[in-house]
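To be precise, the following lines are work38.pdb, and they hold PDB, C-alpha atoms and all ligand atoms.
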ATOM      1  CA  MET K1069       5.127 -28.903  -3.919
ATOM      2  CA  GLN K1070       5.357 -25.119  -3.872
ATOM      3  CA  THR K1071       3.386 -23.306  -6.499
ATOM      4  CA  GLU K1072       5.225 -19.950  -6.285
ATOM      5  CA  GLY K1073       1.776 -18.367  -6.221
ATOM      6  CA  GLU K1074       1.302 -18.317  -9.961
ATOM      7  CA  HIS K1075      -2.273 -19.491  -9.542
ATOM      8  CA  MET K1076      -2.965 -16.186  -7.761
ATOM      9  CA  ILE K1077      -2.516 -14.126 -10.906
ATOM     10  CA  LYS K1078      -5.862 -12.771 -11.968
ATOM     11  CA  LYS K1079      -6.757 -12.347 -15.597
ATOM     12  CA  GLN K1080      -8.250  -8.929 -15.050
ATOM     13  CA  SER K1081      -8.189  -7.988 -18.699
ATOM     14  CA  LYS K1082     -10.787 -10.675 -19.368
ATOM     15  CA  HIS K1083     -13.191  -9.069 -16.908
ATOM     16  CA  GLU K1084     -13.976  -5.814 -18.573
ATOM     17  CA  GLU K1085     -17.246  -5.518 -16.676
ATOM     18  CA  ALA K1086     -15.286  -4.804 -13.481
ATOM     19  CA  PRO K1087     -15.078  -1.005 -13.184
ATOM     20  CA  LYS K1088     -11.720   0.526 -12.311
ATOM     21  CA  VAL K1089     -11.242   1.987  -8.870
ATOM     22  CA  SER K1090     -12.612   5.540  -8.821
ATOM     23  CA  PHE K1091     -11.394   8.402  -6.648
ATOM     24  CA  ALA K1092     -14.877   9.867  -6.137
ATOM     25  CA  ARG K1093     -16.636   6.553  -5.577
ATOM     26  CA  ASP K1094     -14.025   4.450  -3.759
ATOM     27  CA  ILE K1095     -11.115   6.504  -2.400
ATOM     28  CA  ARG K1096     -12.499   9.868  -1.332
ATOM     29  CA  PRO K1097     -15.028   8.220   1.078
ATOM     30  CA  LEU K1098     -12.155   6.528   2.968
ATOM     31  CA  PHE K1099     -11.129   9.908   4.382
ATOM     32  CA  ARG K1100     -13.056  11.244   7.367
ATOM     33  CA  ASP K1101     -14.055  14.892   7.721
ATOM     34  CA  VAL K1102     -11.446  15.242  10.478
ATOM     35  CA  ASP K1103      -8.728  13.875   8.188
ATOM     36  CA  ILE K1104      -9.604  16.337   5.448
ATOM     37  CA  SER K1105      -9.907  19.380   7.694
ATOM     38  CA  HIS K1106      -6.696  18.703   9.638
ATOM     39  CA  MET K1107      -4.586  17.977   6.607
ATOM     40  CA  GLU K1108      -5.920  20.898   4.582
ATOM     41  CA  ALA K1109      -4.186  23.171   7.114
ATOM     42  CA  HIS K1110      -0.908  21.499   6.081
ATOM     43  CA  GLY K1111      -1.590  21.979   2.361
ATOM     44  CA  ILE K1112      -2.523  18.317   1.892
ATOM     45  CA  THR K1113      -5.940  18.268   0.280
ATOM     46  CA  LEU K1114      -7.094  14.672   0.655
ATOM     47  CA  ASP K1115     -10.463  15.421  -0.971
ATOM     48  CA  ASP K1116      -8.975  17.123  -4.042
ATOM     49  CA  TYR K1117      -8.610  14.859  -7.083
ATOM     50  CA  ALA K1118      -6.072  17.172  -8.732
ATOM     51  CA  PHE K1119      -3.808  17.000  -5.679
ATOM     52  CA  MET K1120      -4.292  13.315  -4.997
ATOM     53  CA  SER K1121      -3.809  12.172  -8.588
ATOM     54  CA  ASP K1122      -0.270  13.588  -8.586
ATOM     55  CA  PRO K1123       1.756  10.397  -8.036
ATOM     56  CA  ASP K1124       4.218  12.138  -5.689
ATOM     57  CA  ASN K1125       1.376  13.250  -3.447
ATOM     58  CA  ALA K1126      -0.448   9.913  -3.640
ATOM     59  CA  ASN K1127       2.722   7.987  -2.768
ATOM     60  CA  LYS K1128       3.396  10.225   0.225
ATOM     61  CA  VAL K1129      -0.171   9.864   1.442
ATOM     62  CA  LEU K1130      -0.093   6.073   1.068
ATOM     63  CA  GLY K1131       3.255   6.002   2.864
ATOM     64  CA  THR K1132       1.844   7.758   5.910
ATOM     65  CA  LEU K1133      -1.142   5.392   6.002
ATOM     66  CA  SER K1134       0.953   2.223   5.735
ATOM     67  CA  PRO K1135       2.371   0.265   8.677
ATOM     68  CA  ARG K1136       6.137   0.232   9.063
ATOM     69  CA  GLU K1137       8.248  -2.681  10.258
ATOM     70  CA  ASP K1138       7.891  -2.254  14.014
ATOM     71  CA  GLU K1139       5.598   0.724  14.290
ATOM     72  CA  PRO K1140       2.042   1.657  13.409
ATOM     73  CA  PRO K1141       1.295   4.018  10.520
ATOM     74  CA  VAL K1142       2.107   7.716  10.974
ATOM     75  CA  MET K1143      -1.382   8.786   9.878
ATOM     76  CA  PRO K1144      -3.955   9.317  11.153
ATOM     77  CA  PRO K1145      -2.143  10.002  14.459
ATOM     78  CA  GLY K1146      -3.217   7.307  16.938
ATOM     79  CA  GLY K1147      -5.534   5.651  14.396
ATOM     80  CA  PRO K1148      -7.953   4.285  13.427
ATOM     81  CA  TYR K1149      -5.516   2.900  10.875
ATOM     82  CA  TRP K1150      -6.509   1.830   7.394
ATOM     83  CA  THR K1151      -7.074  -1.872   6.892
ATOM     84  CA  PRO K1152      -4.961  -3.928   4.478
ATOM     85  CA  ASP K1153      -7.955  -3.983   2.114
ATOM     86  CA  GLN K1154      -8.219  -0.208   2.155
ATOM     87  CA  LEU K1155      -4.490   0.201   1.532
ATOM     88  CA  ALA K1156      -4.687  -2.296  -1.332
ATOM     89  CA  LEU K1157      -7.629  -0.423  -2.840
ATOM     90  CA  PHE K1158      -5.634   2.812  -2.803
ATOM     91  CA  ALA K1159      -2.683   1.080  -4.483
ATOM     92  CA  GLN K1160      -5.038  -0.417  -7.060
ATOM     93  CA  TRP K1161      -6.419   3.042  -7.773
ATOM     94  CA  GLN K1162      -2.850   4.178  -8.471
ATOM     95  CA  ASN K1163      -2.033   1.139 -10.597
ATOM     96  CA  GLU K1164      -5.177   1.607 -12.663
ATOM     97  CA  GLY K1165      -4.127   5.121 -13.606
ATOM     98  CA  TYR K1166      -5.810   7.387 -11.036
ATOM     99  CA  GLN K1167      -9.351   7.247 -12.373
ATOM    100  CA  PRO K1168     -11.490  10.190 -11.209
TER     101      PRO K1168
HETATM  102  C1  LIG E   1       1.724  13.393   2.977
HETATM  103  C2  LIG E   1       0.817  12.981   3.848
HETATM  104  C3  LIG E   1       0.664  13.533   5.235
HETATM  105  C4  LIG E   1       1.481  14.347   5.983
HETATM  106  C5  LIG E   1       2.831  14.920   5.580
HETATM  107  C6  LIG E   1       0.825  14.588   7.230
HETATM  108  C7  LIG E   1       1.324  15.401   8.249
HETATM  109  C8  LIG E   1       0.622  15.710   9.387
HETATM  110  C9  LIG E   1       1.100  16.585  10.417
HETATM  111  C10 LIG E   1       2.474  17.252  10.400
HETATM  112  C11 LIG E   1       0.145  16.666  11.364
HETATM  113  C12 LIG E   1       0.185  17.460  12.626
HETATM  114  C13 LIG E   1       0.613  16.488  13.687
HETATM  115  C14 LIG E   1       0.369  17.010  15.023
HETATM  116  O1  LIG E   1       0.415  18.215  15.183
HETATM  117  O2  LIG E   1       0.102  16.193  15.906
HETATM  118  C15 LIG E   1      -0.957  15.854  10.951
HETATM  119  C16 LIG E   1      -2.131  15.704  11.673
HETATM  120  C17 LIG E   1      -3.180  14.903  11.273
HETATM  121  N1  LIG E   1      -3.225  14.089  10.174
HETATM  122 FE1  LIG E   1      -1.800  13.983   8.728
HETATM  123  N2  LIG E   1      -0.363  13.910   7.248
HETATM  124  C18 LIG E   1      -0.491  13.257   6.057
HETATM  125  C19 LIG E   1      -1.527  12.457   5.685
HETATM  126  C20 LIG E   1      -2.642  12.175   6.444
HETATM  127  C21 LIG E   1      -3.654  11.232   6.093
HETATM  128  C22 LIG E   1      -3.625  10.398   4.827
HETATM  129  C23 LIG E   1      -4.579  11.234   7.098
HETATM  130  C24 LIG E   1      -5.836  10.430   7.270
HETATM  131  C25 LIG E   1      -6.325   9.558   6.433
HETATM  132  C26 LIG E   1      -4.159  12.201   8.062
HETATM  133  C27 LIG E   1      -4.852  12.524   9.215
HETATM  134  C28 LIG E   1      -4.429  13.435  10.150
HETATM  135  C29 LIG E   1      -5.216  13.858  11.300
HETATM  136  C30 LIG E   1      -6.619  13.372  11.659
HETATM  137  C31 LIG E   1      -4.433  14.762  12.003
HETATM  138  C32 LIG E   1      -4.798  15.502  13.278
HETATM  139  C33 LIG E   1      -4.489  14.669  14.461
HETATM  140  C34 LIG E   1      -4.863  15.360  15.741
HETATM  141  O3  LIG E   1      -4.785  16.597  15.796
HETATM  142  O4  LIG E   1      -5.209  14.673  16.680
HETATM  143  N3  LIG E   1      -2.975  12.746   7.648
HETATM  144  N4  LIG E   1      -0.628  15.273   9.754
END
Could you quickly redo this structure as structure tokens?
Ligand code: HEM
Amino acid sequence: MQTEGEHMIKKQSKHEEAPKVSFARDIRPLFRDVDISHMEAHGITLDDYAFMSDPDNANKVLGTLSPREDEPPVMPPGGPYWTPDQLALFAQWQNEGYQP
């Protein structure tokens, strides 16, 4: 019998000891120096919390890092591409309200 995945739902609110995803601790270290320096020239400051915590900017950044149907991610050009876990962590950071 199919379970529709309802058993996968996590009761996160009952685990208050789990810290929320933090930009400084968890997200900022995912960017390499070369990512930051190249993108800064395009006005995309991957290491700047103020820039990254703007949902428009964060969504664009995540879009470039994410695989598309038949093609690899746009960024970083040629890879190494972010893993599914890294992409999920970024999305979790967004969903948890862009904690610094
Ligand atoms: C809104 C988000 C982004 C936009 C619009 C964007 C756009 C661009 C553009 C136009 C270039 C120049 C391409 C070229 O001349 O070959 C570039 C280069 C680059 N981008 Fe991005 N990018 C974004 C996000 C990112 C992210 C999230 C990363 C890494 C985590 C990244 C890493 C790089 C690197 C390393 C280069 C230089 C590649 C090279 O010169 O070999 N970019 N990006």
Hey, which bits of chain K sit within 9 Å of ligand LIG 1 (chain E), and for each residue what's the closest pair of atoms and how far apart in Å (one decimal), counting all atoms listed in the file, rows by chain and increasing number, as a Markdown table?
| residue | atom | partner | partner_atom | distance |
| --- | --- | --- | --- | --- |
| K:Leu1098 | CA | E:LIG1 | C25 | 7.4 |
| K:Phe1099 | CA | E:LIG1 | C25 | 5.2 |
| K:Arg1100 | CA | E:LIG1 | C25 | 7.0 |
| K:Asp1101 | CA | E:LIG1 | C30 | 8.6 |
| K:Val1102 | CA | E:LIG1 | C30 | 5.3 |
| K:Asp1103 | CA | E:LIG1 | C30 | 4.1 |
| K:Ile1104 | CA | E:LIG1 | C27 | 7.2 |
| K:Ser1105 | CA | E:LIG1 | C30 | 7.9 |
| K:His1106 | CA | E:LIG1 | C31 | 5.1 |
| K:Met1107 | CA | E:LIG1 | FE1 | 5.3 |
| K:Ala1109 | CA | E:LIG1 | C15 | 8.9 |
| K:His1110 | CA | E:LIG1 | C8 | 6.8 |
| K:Gly1111 | CA | E:LIG1 | C5 | 8.9 |
| K:Ile1112 | CA | E:LIG1 | C2 | 6.6 |
| K:Leu1114 | CA | E:LIG1 | C22 | 6.9 |
| K:Asn1125 | CA | E:LIG1 | C1 | 6.4 |
| K:Ala1126 | CA | E:LIG1 | C1 | 7.8 |
| K:Asn1127 | CA | E:LIG1 | C1 | 8.0 |
| K:Lys1128 | CA | E:LIG1 | C1 | 4.5 |
| K:Val1129 | CA | E:LIG1 | C2 | 4.1 |
| K:Leu1130 | CA | E:LIG1 | C22 | 6.7 |
| K:Gly1131 | CA | E:LIG1 | C2 | 7.5 |
| K:Thr1132 | CA | E:LIG1 | C2 | 5.7 |
| K:Leu1133 | CA | E:LIG1 | C22 | 5.7 |
| K:Val1142 | CA | E:LIG1 | N2 | 7.6 |
| K:Met1143 | CA | E:LIG1 | C26 | 4.8 |
| K:Pro1144 | CA | E:LIG1 | C27 | 3.9 |
| K:Pro1145 | CA | E:LIG1 | C33 | 5.2 |
| K:Gly1146 | CA | E:LIG1 | O4 | 7.6 |
| K:Gly1147 | CA | E:LIG1 | C30 | 8.3 |
| K:Pro1148 | CA | E:LIG1 | C25 | 8.9 |
| K:Tyr1149 | CA | E:LIG1 | C25 | 8.0 |
| K:Trp1150 | CA | E:LIG1 | C25 | 7.8 |
Can you list, as an mmCIF file with C-alpha atoms, in the frame of the given file, the residues that the PyMOL selection byres (((chain K and resi 1160) around 12) and not hetatm) selects here?
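Output (result-v5.cif):
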data_model
loop_
_atom_site.group_PDB
_atom_site.id
_atom_site.type_symbol
_atom_site.label_atom_id
_atom_site.label_comp_id
_atom_site.auth_asym_id
_atom_site.auth_seq_id
_atom_site.Cartn_x
_atom_site.Cartn_y
_atom_site.Cartn_z
ATOM 1 C CA PRO K 1087 -15.078 -1.005 -13.184
ATOM 2 C CA LYS K 1088 -11.720 0.526 -12.311
ATOM 3 C CA VAL K 1089 -11.242 1.987 -8.870
ATOM 4 C CA SER K 1090 -12.612 5.540 -8.821
ATOM 5 C CA PHE K 1091 -11.394 8.402 -6.648
ATOM 6 C CA ASP K 1094 -14.025 4.450 -3.759
ATOM 7 C CA ILE K 1095 -11.115 6.504 -2.400
ATOM 8 C CA ALA K 1126 -0.448 9.913 -3.640
ATOM 9 C CA LEU K 1130 -0.093 6.073 1.068
ATOM 10 C CA ASP K 1153 -7.955 -3.983 2.114
ATOM 11 C CA GLN K 1154 -8.219 -0.208 2.155
ATOM 12 C CA LEU K 1155 -4.490 0.201 1.532
ATOM 13 C CA ALA K 1156 -4.687 -2.296 -1.332
ATOM 14 C CA LEU K 1157 -7.629 -0.423 -2.840
ATOM 15 C CA PHE K 1158 -5.634 2.812 -2.803
ATOM 16 C CA ALA K 1159 -2.683 1.080 -4.483
ATOM 17 C CA TRP K 1161 -6.419 3.042 -7.773
ATOM 18 C CA GLN K 1162 -2.850 4.178 -8.471
ATOM 19 C CA ASN K 1163 -2.033 1.139 -10.597
ATOM 20 C CA GLU K 1164 -5.177 1.607 -12.663
ATOM 21 C CA GLY K 1165 -4.127 5.121 -13.606
ATOM 22 C CA TYR K 1166 -5.810 7.387 -11.036
ATOM 23 C CA GLN K 1167 -9.351 7.247 -12.373
#
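For the choices K:Glu1085, K:Arg1096, K:Glu1139, K:Pro1152, the atom-to-atom distance to Thr1113 in chain K is smallest for K:Arg1096 when using only C-alpha atoms.
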For each of K:Asp1138, K:Asp1115, K:Glu1108, K:Asp1122, take the minimum atom-to-atom distance to Ala1092 in chain K, counting only C-alpha atoms, then give the residue where this is smallest. K:Asp1115
Please, what is the axis-aligned box for every listed atom of range 1125-1135 of chain K with 6 Å on each side, as centre and edge lengths in Å to one decimal, as JSON?
{"center_x": 1.1, "center_y": 6.8, "center_z": 2.5, "size_x": 16.5, "size_y": 25.0, "size_z": 24.3}
